[in-house]
$ cat start31.cif   # mmCIF, C-alpha atoms
data_input
loop_
_atom_site.label_atom_id
_atom_site.label_comp_id
_atom_site.auth_asym_id
_atom_site.auth_seq_id
_atom_site.Cartn_x
_atom_site.Cartn_y
_atom_site.Cartn_z
CA MET A 102 128.28 85.77 122.55
CA LYS A 103 127.68 88.96 120.59
CA LYS A 104 126.98 86.81 117.52
CA ILE A 105 124.08 85.21 119.37
CA VAL A 106 122.69 88.61 120.34
CA ALA A 107 122.96 89.95 116.78
CA LEU A 108 121.27 86.86 115.38
CA PHE A 109 118.48 87.04 117.92
CA LEU A 110 117.83 90.71 117.23
CA SER A 111 117.43 89.91 113.53
CA VAL A 112 114.89 87.24 114.47
CA VAL A 113 112.99 89.63 116.74
CA CYS A 114 112.81 92.26 114.01
CA LEU A 115 111.68 89.66 111.49
CA SER A 116 108.98 88.27 113.77
CA ALA A 117 107.67 91.78 114.39
CA LEU A 118 107.44 92.45 110.67
CA VAL A 119 105.44 89.32 109.95
CA CYS A 120 103.16 89.71 112.97
CA ILE A 121 102.01 93.23 112.10
CA PRO A 122 99.10 93.38 111.80
CA ALA A 123 97.99 90.68 114.23
CA ALA A 124 95.64 89.97 117.09
CA CYS A 125 95.37 89.92 120.86
CA LYS A 126 94.23 87.28 123.31
CA GLU A 127 90.96 88.66 124.48
CA LYS A 128 87.37 87.59 124.83
CA GLU A 129 85.78 86.65 121.52
CA PRO A 130 83.51 89.44 120.27
CA SER A 131 79.80 88.78 120.41
CA ASN A 132 77.93 88.31 117.13
CA ASN A 133 77.78 91.68 115.44
CA THR A 134 74.56 92.47 113.58
CA ASP A 135 75.58 96.05 112.78
CA ASN A 136 75.93 96.37 109.00
CA SER A 137 78.14 99.43 109.46
CA VAL A 138 81.16 97.14 109.88
CA ASP A 139 81.40 96.66 106.11
CA THR A 140 80.32 98.88 103.26
CA PHE A 141 81.26 96.32 100.61
CA ASP A 142 78.04 94.96 99.08
CA GLY A 143 79.59 92.93 96.30
CA ALA A 144 81.43 93.14 92.99
CA PHE A 145 81.13 91.79 89.45
CA SER A 146 84.03 90.04 87.76
CA ALA A 147 86.03 92.27 85.45
CA GLN A 148 86.16 89.45 82.91
CA SER A 149 83.27 87.75 81.11
CA TYR A 150 83.13 83.99 80.51
CA ASP A 151 81.60 81.68 77.89
CA THR A 152 79.89 79.32 80.37
CA ASP A 153 78.71 79.31 83.96
CA LYS A 154 81.36 76.72 84.83
CA ALA A 155 84.10 78.93 83.39
CA ALA A 156 82.76 81.81 85.50
CA VAL A 157 82.91 79.64 88.62
CA GLU A 158 86.48 78.60 87.82
CA GLY A 159 87.32 82.25 87.19
CA PHE A 160 85.94 83.13 90.62
CA LEU A 161 88.18 80.56 92.31
CA SER A 162 91.32 81.55 90.42
CA THR A 163 90.79 85.31 90.85
CA GLU A 164 89.05 85.73 94.21
CA ILE A 165 90.15 82.75 96.32
CA SER A 166 93.53 81.59 95.01
CA GLY A 167 96.41 83.75 96.22
CA ASP A 168 99.84 83.68 97.81
CA ALA A 169 98.69 81.23 100.49
CA VAL A 170 96.50 78.78 98.58
CA LYS A 171 95.44 77.55 95.17
CA ALA A 172 91.72 76.75 94.91
CA GLU A 173 90.60 73.84 92.71
CA LEU A 174 86.97 73.31 91.72
CA VAL A 175 85.29 70.13 93.00
CA ASP A 176 81.68 70.86 92.06
CA PHE A 177 79.07 73.60 91.92
CA LYS A 178 75.29 73.53 92.11
CA GLU A 179 72.48 76.03 91.89
CA LYS A 180 70.91 76.98 95.21
CA SER A 181 68.26 79.39 93.94
CA LYS A 182 67.26 81.74 91.16
CA LEU A 183 67.79 85.46 91.76
CA GLY A 184 64.55 87.40 91.63
CA SER A 185 64.05 90.69 89.79
CA ASN A 186 64.49 92.68 93.03
CA GLU A 187 67.82 90.97 93.74
CA LEU A 188 69.05 91.52 90.19
CA ASN A 189 67.98 95.17 90.20
CA ALA A 190 69.89 95.73 93.44
CA LEU A 191 73.22 94.73 91.87
CA ASP A 192 75.66 97.43 90.81
CA LYS A 193 75.59 97.28 87.02
CA GLU A 194 78.17 99.96 86.18
CA PHE A 195 80.16 97.46 84.13
CA LEU A 196 77.29 96.97 81.65
CA ASP A 197 77.56 98.73 78.31
CA GLU A 198 74.57 100.56 76.87
CA GLY A 199 72.14 98.04 75.48
CA ASP A 200 73.45 95.10 77.52
CA GLU A 201 70.80 93.19 79.44
CA ILE A 202 70.87 90.78 82.36
CA VAL A 203 69.02 87.64 81.28
CA SER A 204 69.11 85.73 84.56
CA GLY A 205 71.04 85.19 87.74
CA LYS A 206 71.46 82.36 90.19
CA SER A 207 73.01 81.74 93.58
CA VAL A 208 75.58 78.96 93.24
CA GLU A 209 77.22 76.87 95.95
CA VAL A 210 80.82 76.31 94.93
CA THR A 211 82.68 73.37 96.48
CA TYR A 212 86.45 73.49 96.17
CA LYS A 213 89.68 72.12 97.55
CA ARG A 214 92.57 74.33 98.53
CA GLU A 215 96.19 73.45 97.97
CA LYS A 216 98.49 75.23 100.38
CA LYS A 217 101.49 76.99 98.94
CA THR A 218 103.79 76.34 101.87
CA ALA A 219 107.36 75.45 102.72
CA VAL A 220 106.27 73.81 105.98
CA ALA A 221 105.99 70.22 104.82
CA SER A 222 104.04 68.84 107.78
CA LEU A 223 101.27 71.37 107.23
CA ALA A 224 101.27 71.06 103.45
CA GLU A 225 100.74 67.30 103.65
CA GLU A 226 97.64 67.48 105.86
CA GLU A 227 94.45 66.26 104.20
CA GLU A 228 91.91 69.08 104.22
CA PRO A 229 88.13 68.90 103.90
CA ASP A 230 86.33 70.46 100.95
CA LEU A 231 85.36 74.11 101.38
CA VAL A 232 82.22 75.90 100.21
CA PHE A 233 81.56 79.47 99.07
CA THR A 234 78.31 80.91 97.71
CA VAL A 235 78.63 83.15 94.67
CA TYR A 236 76.22 84.58 92.08
CA ILE A 237 76.48 83.71 88.40
CA ILE A 238 74.88 86.29 86.10
CA GLU A 239 73.94 85.58 82.47
CA ILE A 240 74.17 88.63 80.21
CA SER A 241 72.99 89.39 76.68
CA PRO A 242 75.41 91.92 75.16
CA LYS A 243 73.90 94.41 72.71
CA GLY A 244 74.12 93.22 69.14
CA VAL A 245 75.48 89.78 70.09
CA THR A 246 73.45 86.58 69.95
CA VAL A 247 75.78 84.56 72.19
CA HIS A 248 75.31 85.20 75.90
CA GLU A 249 78.15 85.69 78.36
CA PHE A 250 78.53 84.97 82.07
CA ARG A 251 80.05 86.89 84.96
CA TYR A 252 80.39 86.00 88.61
CA TYR A 253 79.27 88.39 91.33
CA VAL A 254 80.96 88.23 94.76
CA PRO A 255 78.33 88.92 97.44
CA ARG A 256 79.14 90.19 100.92
CA ALA A 257 80.96 87.43 102.81
CA LYS A 258 79.50 85.64 105.81
CA ASP A 259 81.40 85.11 109.07
CA GLY A 260 83.77 82.19 108.61
CA ASP A 261 84.13 82.70 104.84
CA VAL A 262 87.60 83.21 103.41
CA LEU A 263 88.27 86.75 102.26
CA THR A 264 87.89 87.49 98.58
CA LYS A 265 90.23 89.65 96.56
CA SER A 266 87.44 92.12 95.67
CA TYR A 267 86.53 92.69 99.32
CA TYR A 268 90.16 93.09 100.41
CA GLU A 269 91.02 95.58 97.68
CA ASP A 270 87.91 97.63 98.44
CA LEU A 271 88.77 97.70 102.15
CA LEU A 272 92.41 98.69 101.61
CA ASP A 273 91.74 101.39 99.02
CA SER A 274 94.41 103.98 99.92
CA ALA A 275 91.96 106.84 99.23
CA LYS A 276 90.15 105.92 102.44
CA TYR A 277 93.23 106.63 104.56
CA VAL A 278 94.51 109.97 103.22
CA ASN A 279 93.00 111.88 106.16
CA CYS A 280 93.36 110.07 109.46
CA THR A 281 95.52 109.56 112.53
CA GLN A 282 97.47 106.33 113.08
CA VAL A 283 98.75 105.35 116.53
CA TYR A 284 101.03 102.32 116.96
CA THR A 285 102.41 100.78 120.17
CA ASN A 286 104.61 97.72 120.64
CA VAL A 287 106.25 96.09 123.66
CA VAL A 288 108.78 93.29 123.09
CA LYS A 289 110.37 91.17 125.81
CA MET A 290 113.50 89.18 124.96
CA THR A 291 115.15 86.38 126.89
CA MET A 292 118.74 86.06 125.73
CA PRO A 293 122.24 85.13 126.93
CA ASP A 294 123.64 87.45 129.61
CA GLU A 295 126.97 88.67 128.24
CA GLU A 296 127.98 90.08 131.62
CA SER A 297 127.68 86.77 133.44
CA GLU A 298 130.70 84.52 133.94
CA THR A 299 128.44 81.47 134.05
CA PRO A 300 125.91 80.56 131.33
CA LYS A 301 122.63 82.30 132.14
CA THR A 302 119.96 84.35 130.45
CA LYS A 303 118.32 87.70 131.12
CA THR A 304 115.08 89.31 129.99
CA THR A 305 115.18 92.70 128.28
CA GLN A 306 112.14 94.83 127.47
CA MET A 307 111.92 97.13 124.46
CA SER A 308 109.08 99.47 123.66
CA SER A 309 108.26 101.60 120.64
CA ASN A 310 105.41 103.78 119.50
CA TYR A 311 104.59 106.27 116.81
CA THR A 312 101.84 108.66 115.82
CA ILE A 313 101.19 109.59 112.19
CA LYS A 314 98.81 112.34 111.08
CA ILE A 315 97.85 112.79 107.42
CA ALA A 316 95.69 115.60 105.99
CA ASP A 317 95.62 118.07 103.10
CA ASN A 318 98.90 117.01 101.42
CA ALA A 319 100.77 117.26 104.71
CA ALA A 320 101.81 114.71 107.32
CA SER A 321 103.54 114.58 110.68
CA LEU A 322 105.27 111.73 112.43
CA GLU A 323 106.53 111.19 115.97
CA MET A 324 108.52 108.02 116.61
CA VAL A 325 109.83 106.52 119.84
CA LEU A 326 112.22 103.65 119.10
CA PRO A 327 114.40 101.32 121.20
CA ASP A 328 118.02 102.39 121.39
CA TYR A 329 119.71 99.15 120.32
CA SER A 330 123.13 100.69 120.89
CA ALA A 331 122.42 100.44 124.62
CA LEU A 332 121.81 96.68 124.46
CA GLY A 333 123.78 95.16 127.31
CA PRO A 334 123.14 94.64 131.01
CA SER A 335 120.06 96.89 131.16
CA VAL A 336 116.69 95.25 131.80
CA GLN A 337 114.77 97.88 129.84
CA LEU A 338 116.30 99.56 126.83
CA PRO A 339 116.20 103.36 126.70
CA THR A 340 114.41 104.94 123.76
CA GLN A 341 115.27 107.55 121.19
CA LYS A 342 112.79 109.97 119.65
CA LEU A 343 112.44 111.28 116.12
CA TRP A 344 109.95 113.76 114.70
CA GLY A 345 109.14 114.46 111.07
CA TYR A 346 107.03 116.89 109.07
CA PHE A 347 106.18 116.31 105.40
CA GLU A 348 104.57 118.31 102.59
CA ASN A 349 103.55 117.36 99.07
CA GLY A 350 103.88 120.47 96.90
CA ASP A 351 105.92 120.64 93.74
CA LYS A 352 107.86 117.76 95.28
CA PHE A 353 107.81 115.64 98.45
CA SER A 354 109.61 117.65 101.14
CA VAL A 355 110.85 116.33 104.49
CA TRP A 356 111.84 118.09 107.73
CA ALA A 357 113.31 116.19 110.68
CA SER A 358 113.71 117.04 114.37
CA ALA A 359 115.43 115.42 117.32
CA ASP A 360 113.49 117.39 119.96
CA GLY A 361 110.08 118.08 118.41
CA VAL A 362 110.78 121.83 118.40
CA THR A 363 113.55 122.64 115.93
CA TYR A 364 113.07 121.18 112.44
CA THR A 365 115.67 120.98 109.70
CA LYS A 366 114.84 120.40 106.05
CA ALA A 367 116.39 117.08 105.03
CA VAL A 368 118.64 116.88 101.99
CA THR A 369 118.24 113.10 101.97
CA ASN A 370 115.13 111.45 103.42
CA PRO A 371 115.98 109.98 106.87
CA PHE A 372 112.60 108.19 106.95
CA ALA A 373 113.06 106.22 103.73
CA SER A 374 114.15 103.13 105.68
CA TYR A 375 110.70 103.09 107.32
CA GLY A 376 108.98 102.99 103.94
CA ILE A 377 108.18 106.72 103.79
CA LYS A 378 109.00 107.89 100.28
CA ASP A 379 105.98 109.97 99.25
CA MET A 380 102.66 111.14 100.68
CA GLU A 381 100.86 107.96 99.67
CA SER A 382 103.31 106.01 101.84
CA PHE A 383 101.54 107.26 104.95
CA ALA A 384 98.18 105.98 103.76
CA VAL A 385 99.38 102.44 103.02
CA MET A 386 102.46 101.78 105.19
CA CYS A 387 100.47 100.46 108.16
CA LEU A 388 97.75 98.58 106.28
CA PRO A 389 97.88 94.76 106.23
CA LYS A 390 100.54 93.43 103.88
CA LEU A 391 99.63 89.74 103.83
CA ASP A 392 97.73 88.44 100.80
CA TYR A 393 93.92 88.18 101.15
CA SER A 394 94.05 84.37 100.94
CA TYR A 395 95.55 84.19 104.45
CA TYR A 396 92.42 85.65 106.09
CA GLU A 397 88.86 84.73 107.00
CA LYS A 398 85.83 86.95 107.66
CA THR A 399 84.61 87.59 111.20
CA ASP A 400 81.85 89.66 112.80
CA TYR A 401 84.38 92.32 113.82
CA GLY A 402 86.32 92.41 110.55
CA PHE A 403 88.69 89.57 109.73
CA LYS A 404 91.52 87.50 111.15
CA ILE A 405 94.31 85.40 109.77
CA GLN A 406 93.24 81.79 109.42
CA ASP A 407 94.37 79.82 112.47
CA ASP A 408 96.45 77.35 110.47
CA PHE A 409 98.34 80.09 108.65
CA ILE A 410 99.56 82.50 111.35
CA THR A 411 101.91 80.06 113.07
CA GLU A 412 102.97 78.58 109.73
CA TYR A 413 103.73 81.97 108.22
CA VAL A 414 105.83 83.20 111.14
CA THR A 415 107.58 79.84 111.55
CA GLN A 416 108.49 79.79 107.87
CA ALA A 417 109.94 83.30 108.10
CA LEU A 418 111.90 82.48 111.24
CA ASN A 419 113.29 79.27 109.84
CA GLU A 420 114.94 81.30 107.11
CA VAL A 421 117.10 82.71 109.92
CA THR A 422 117.32 79.78 112.30
CA SER A 423 115.64 76.41 112.72
CA GLY A 424 113.80 74.87 115.62
CA ALA A 425 111.66 77.90 116.51
CA THR A 426 108.40 77.35 118.38
CA VAL A 427 105.84 80.02 117.55
CA LYS A 428 102.51 81.11 118.99
CA ALA A 429 100.71 84.03 117.39
CA GLU A 430 97.26 85.53 116.95
CA LEU A 431 95.94 88.15 114.57
CA ARG A 432 92.78 90.27 114.36
CA VAL A 433 91.85 93.19 112.13
CA TYR A 434 88.87 95.31 113.19
CA VAL A 435 86.75 97.02 110.53
CA SER A 436 84.16 99.79 110.79
CA GLY A 437 82.47 101.75 108.05
CA GLY A 438 84.37 99.82 105.40
CA LYS A 439 87.78 100.85 106.80
CA VAL A 440 90.40 99.22 109.01
CA VAL A 441 90.18 100.88 112.43
CA LYS A 442 92.31 98.66 114.66
CA LEU A 443 94.86 95.86 114.44
CA GLU A 444 96.02 93.87 117.45
CA ALA A 445 98.69 91.22 117.79
CA THR A 446 100.37 88.94 120.24
CA SER A 447 103.21 86.59 119.41
CA SER A 448 105.83 84.54 121.19
CA VAL A 449 108.90 82.80 119.80
CA THR A 450 111.21 80.36 121.55
CA MET A 451 114.24 78.67 120.03
CA ASN A 452 117.64 77.18 120.73
CA VAL A 453 120.61 79.03 119.28
CA LEU A 454 124.13 77.67 119.84
CA GLY A 455 122.96 75.79 122.92
CA PHE A 456 121.06 78.69 124.50
CA ASN A 457 117.29 78.66 124.99
CA ILE A 458 116.14 82.13 124.04
CA GLY A 459 112.80 83.69 123.19
CA SER A 460 110.71 86.79 122.72
CA SER A 461 107.12 87.92 123.16
CA SER A 462 105.42 90.87 121.55
CA GLU A 463 102.19 92.81 122.08
CA GLU A 464 101.23 95.25 119.35
CA LYS A 465 98.33 97.57 118.64
CA LEU A 466 97.65 99.89 115.74
CA GLU A 467 94.68 102.26 115.60
CA PHE A 468 93.29 104.28 112.69
CA LYS A 469 91.06 107.12 113.87
CA ASP A 470 89.84 110.69 113.24
CA PHE A 471 88.97 109.93 109.61
CA GLY A 472 88.23 113.17 107.79
CA THR A 473 88.86 115.32 110.87
CA THR A 474 92.64 114.99 111.31
CA VAL A 475 94.57 118.26 111.21
CA VAL A 476 98.33 118.44 110.62
CA THR A 477 99.95 121.44 112.30
CA LYS A 478 102.93 122.97 110.56
CA PRO A 479 105.81 123.37 113.06
CA GLU A 480 107.02 126.88 113.76
CA GLY A 481 110.08 127.96 111.83
CA ILE A 482 109.20 126.06 108.65
CA GLU A 483 108.64 128.36 105.69
#
$ encode --input "start31.cif" --output "structure tokens"
Amino acid sequence: MKKIVALFLSVVCLSALVCIPAACKEKEPSNNTDNSVDTFDGAFSAQSYDTDKAAVEGFLSTEISGDAVKAELVDFKEKSKLGSNELNALDKEFLDEGDEIVSGKSVEVTYKREKKTAVASLAEEEEPDLVFTVYIIEISPKGVTVHEFRYYVPRAKDGDVLTKSYYEDLLDSAKYVNCTQVYTNVVKMTMPDEESETPKTKTTQMSSNYTIKIADNAASLEMVLPDYSALGPSVQLPTQKLWGYFENGDKFSVWASADGVTYTKAVTNPFASYGIKDMESFAVMCLPKLDYSYYEKTDYGFKIQDDFITEYVTQALNEVTSGATVKAELRVYVSGGKVVKLEATSSVTMNVLGFNIGSSSEEKLEFKDFGTTVVTKPEGIE
């Protein structure tokens, strides 16, 4: 029986990892007309191309294709010419002195996507063609008679897939070096009851939360984690607490505490297993880890595409056990060009060694107090 419990715990931990960040079941947000959600106005391609078609194909391979899909060009057609005001509004930092923009056009790109998936039933589904509008800019480099082309990714519309340029701008770690991060998670597990003489199951609840503060080359962390050593007949697992204080001086220094009062400088980093290895870790450890090609744009930020969330979690779970049924949702809220909230719900049910077991999870992660977070150095630390 303990083998079943150990296996199930590994599945629970795995499902939590792939569902963060994710989304909650709540009323759909109303259409948001506030431009403060995103600060990304667009981006030129880093590479230049010989033809407009090559630029379009470069857009698909660089901005749309990713870990989840490969985009293949079907067709493209000009929608309109870009006027002088539109061209002048583009960020032209990439241009060398003497380079000139000859013309620009808005192009409707039609493409097919090929899923990169191990879930055969989903990979075999016939999908409709997709469309994305991009700008193609013709440039006359100084001293060169042959013109070159670059694509320009404009701000996405709701329902568009995310582009690589937008995603990298949003997740720029420099935006998160002064902020407070608050995470909460409640997991309920239905699993075999080891104390029962007859086959039956019980439901156990586990909760965890942490608060991270980052500012001025210092960080603090308070973690409340489930005490898995107490897994047994209890309905709700007790928790254990861990505090940390961090400084980035001549080297990355770590102090740990078991009571939040007395801190001891760590010889070896006890937080390394949580991904904390340097000061930058705090800025990026809670940001979305899934590739941009899994997501689509929304009026509140973005969400994982509906046909990918269940597939992604199911694929991960099937590496541990087969026959899992998964339901999951994911939303990422954006304001001022930064991630401000992530919400998730997920449920997993499966049969392991003849037992029907399952778990459900509700998670929330908030980023707040940008630029105003203060990290207080604990007393007793020199």
$ closest_residue --input "start31.cif" --among "A:Ser382, A:Gln148, A:Asn349, A:Ser436" --to "Tyr401 in chain A" --atoms "only C-alpha atoms"
A:Ser436
$ residues_around --input "start31.cif" --residues "Asn370 in chain A" --least-positions-apart "5" --cutoff "10 Å" --atoms "only C-alpha atoms" --output "list in words"
Phe353, Ser354, Val355, Trp356, Ala357, Ile377 and Lys378 of chain A
$ closest_residue --input "start31.cif" --among "A:Glu187, A:Glu164, A:Asp259, A:Asp273" --to "Asp400 in chain A" --atoms "all atoms listed in the file"
A:Asp259
$ resolve_selection --input "start31.cif" --expression "the PyMOL selection byres ((chain A and resi 396) around 12)" --output "JSON, numbers by chain"
{"A": [122, 123, 165, 166, 167, 168, 169, 170, 259, 260, 261, 262, 263, 264, 265, 267, 268, 389, 390, 391, 392, 393, 394, 395, 397, 398, 399, 402, 403, 404, 405, 406, 407, 408, 409, 410, 430, 431, 432, 433]}
$ closest_residue --input "start31.cif" --among "A:Ser374, A:Asn186, A:Asn457, A:Thr474" --to "Cys280 in chain A" --atoms "all atoms listed in the file"
A:Thr474
$ build_atoms --input "start31.cif" --residues "range 355-388 of chain A" --atoms "N, CA and C atoms" --output "mmCIF file, in the coordinates of the input"
data_model
loop_
_atom_site.group_PDB
_atom_site.id
_atom_site.type_symbol
_atom_site.label_atom_id
_atom_site.label_comp_id
_atom_site.auth_asym_id
_atom_site.auth_seq_id
_atom_site.Cartn_x
_atom_site.Cartn_y
_atom_site.Cartn_z
ATOM 1 N N VAL A 355 110.734 116.955 103.175
ATOM 2 C CA VAL A 355 110.850 116.330 104.490
ATOM 3 C C VAL A 355 111.640 117.227 105.423
ATOM 4 N N TRP A 356 111.115 117.409 106.654
ATOM 5 C CA TRP A 356 111.840 118.090 107.730
ATOM 6 C C TRP A 356 111.951 117.117 108.899
ATOM 7 N N ALA A 357 113.086 117.095 109.562
ATOM 8 C CA ALA A 357 113.310 116.190 110.680
ATOM 9 C C ALA A 357 113.699 116.979 111.924
ATOM 10 N N SER A 358 113.391 116.386 113.095
ATOM 11 C CA SER A 358 113.710 117.040 114.370
ATOM 12 C C SER A 358 114.084 115.973 115.392
ATOM 13 N N ALA A 359 115.024 116.329 116.251
ATOM 14 C CA ALA A 359 115.430 115.420 117.320
ATOM 15 C C ALA A 359 114.804 115.799 118.660
ATOM 16 N N ASP A 360 114.104 116.954 118.693
ATOM 17 C CA ASP A 360 113.490 117.390 119.960
ATOM 18 C C ASP A 360 112.023 117.781 119.823
ATOM 19 N N GLY A 361 111.474 117.721 118.618
ATOM 20 C CA GLY A 361 110.080 118.080 118.410
ATOM 21 C C GLY A 361 109.835 119.575 118.362
ATOM 22 N N VAL A 362 110.912 120.368 118.413
ATOM 23 C CA VAL A 362 110.780 121.830 118.400
ATOM 24 C C VAL A 362 111.480 122.428 117.192
ATOM 25 N N THR A 363 112.749 122.097 117.027
ATOM 26 C CA THR A 363 113.550 122.640 115.930
ATOM 27 C C THR A 363 113.612 121.641 114.786
ATOM 28 N N TYR A 364 113.115 122.050 113.621
ATOM 29 C CA TYR A 364 113.070 121.180 112.440
ATOM 30 C C TYR A 364 114.064 121.655 111.393
ATOM 31 N N THR A 365 114.712 120.691 110.761
ATOM 32 C CA THR A 365 115.670 120.980 109.700
ATOM 33 C C THR A 365 115.224 120.276 108.422
ATOM 34 N N LYS A 366 115.227 121.016 107.310
ATOM 35 C CA LYS A 366 114.840 120.400 106.050
ATOM 36 C C LYS A 366 115.903 119.384 105.638
ATOM 37 N N ALA A 367 115.461 118.168 105.332
ATOM 38 C CA ALA A 367 116.390 117.080 105.030
ATOM 39 C C ALA A 367 116.815 117.107 103.576
ATOM 40 N N VAL A 368 118.115 116.990 103.356
ATOM 41 C CA VAL A 368 118.640 116.880 101.990
ATOM 42 C C VAL A 368 118.358 115.479 101.449
ATOM 43 N N THR A 369 118.604 114.483 102.294
ATOM 44 C CA THR A 369 118.240 113.100 101.970
ATOM 45 C C THR A 369 117.201 112.653 102.999
ATOM 46 N N ASN A 370 116.270 111.849 102.584
ATOM 47 C CA ASN A 370 115.130 111.450 103.420
ATOM 48 C C ASN A 370 115.554 110.475 104.514
ATOM 49 N N PRO A 371 115.575 110.889 105.798
ATOM 50 C CA PRO A 371 115.980 109.980 106.870
ATOM 51 C C PRO A 371 114.901 108.956 107.212
ATOM 52 N N PHE A 372 113.707 109.094 106.642
ATOM 53 C CA PHE A 372 112.600 108.190 106.950
ATOM 54 C C PHE A 372 112.392 107.143 105.862
ATOM 55 N N ALA A 373 113.233 107.156 104.844
ATOM 56 C CA ALA A 373 113.060 106.220 103.730
ATOM 57 C C ALA A 373 113.150 104.772 104.188
ATOM 58 N N SER A 374 113.989 104.501 105.195
ATOM 59 C CA SER A 374 114.150 103.130 105.680
ATOM 60 C C SER A 374 112.895 102.599 106.342
ATOM 61 N N TYR A 375 111.978 103.501 106.725
ATOM 62 C CA TYR A 375 110.700 103.090 107.320
ATOM 63 C C TYR A 375 109.600 102.980 106.270
ATOM 64 N N GLY A 376 109.966 103.119 105.016
ATOM 65 C CA GLY A 376 108.980 102.990 103.940
ATOM 66 C C GLY A 376 108.308 104.285 103.556
ATOM 67 N N ILE A 377 108.786 105.421 104.083
ATOM 68 C CA ILE A 377 108.180 106.720 103.790
ATOM 69 C C ILE A 377 108.948 107.367 102.639
ATOM 70 N N LYS A 378 108.334 107.359 101.457
ATOM 71 C CA LYS A 378 109.000 107.890 100.280
ATOM 72 C C LYS A 378 108.169 108.939 99.550
ATOM 73 N N ASP A 379 106.873 108.978 99.835
ATOM 74 C CA ASP A 379 105.980 109.970 99.250
ATOM 75 C C ASP A 379 104.753 110.066 100.146
ATOM 76 N N MET A 380 103.807 110.938 99.811
ATOM 77 C CA MET A 380 102.660 111.140 100.680
ATOM 78 C C MET A 380 101.777 109.898 100.750
ATOM 79 N N GLU A 381 101.684 109.160 99.654
ATOM 80 C CA GLU A 381 100.860 107.960 99.670
ATOM 81 C C GLU A 381 101.396 106.913 100.638
ATOM 82 N N SER A 382 102.713 106.977 100.922
ATOM 83 C CA SER A 382 103.310 106.010 101.840
ATOM 84 C C SER A 382 102.589 106.000 103.182
ATOM 85 N N PHE A 383 102.193 107.173 103.645
ATOM 86 C CA PHE A 383 101.540 107.260 104.950
ATOM 87 C C PHE A 383 100.194 106.553 104.954
ATOM 88 N N ALA A 384 99.503 106.585 103.824
ATOM 89 C CA ALA A 384 98.180 105.980 103.760
ATOM 90 C C ALA A 384 98.244 104.458 103.746
ATOM 91 N N VAL A 385 99.336 103.890 103.227
ATOM 92 C CA VAL A 385 99.380 102.440 103.020
ATOM 93 C C VAL A 385 100.418 101.728 103.890
ATOM 94 N N MET A 386 101.346 102.455 104.525
ATOM 95 C CA MET A 386 102.460 101.780 105.190
ATOM 96 C C MET A 386 102.026 100.907 106.361
ATOM 97 N N CYS A 387 100.895 101.223 106.992
ATOM 98 C CA CYS A 387 100.470 100.460 108.160
ATOM 99 C C CYS A 387 99.301 99.519 107.857
ATOM 100 N N LEU A 388 98.837 99.493 106.632
ATOM 101 C CA LEU A 388 97.750 98.580 106.280
ATOM 102 C C LEU A 388 98.298 97.159 106.168
#
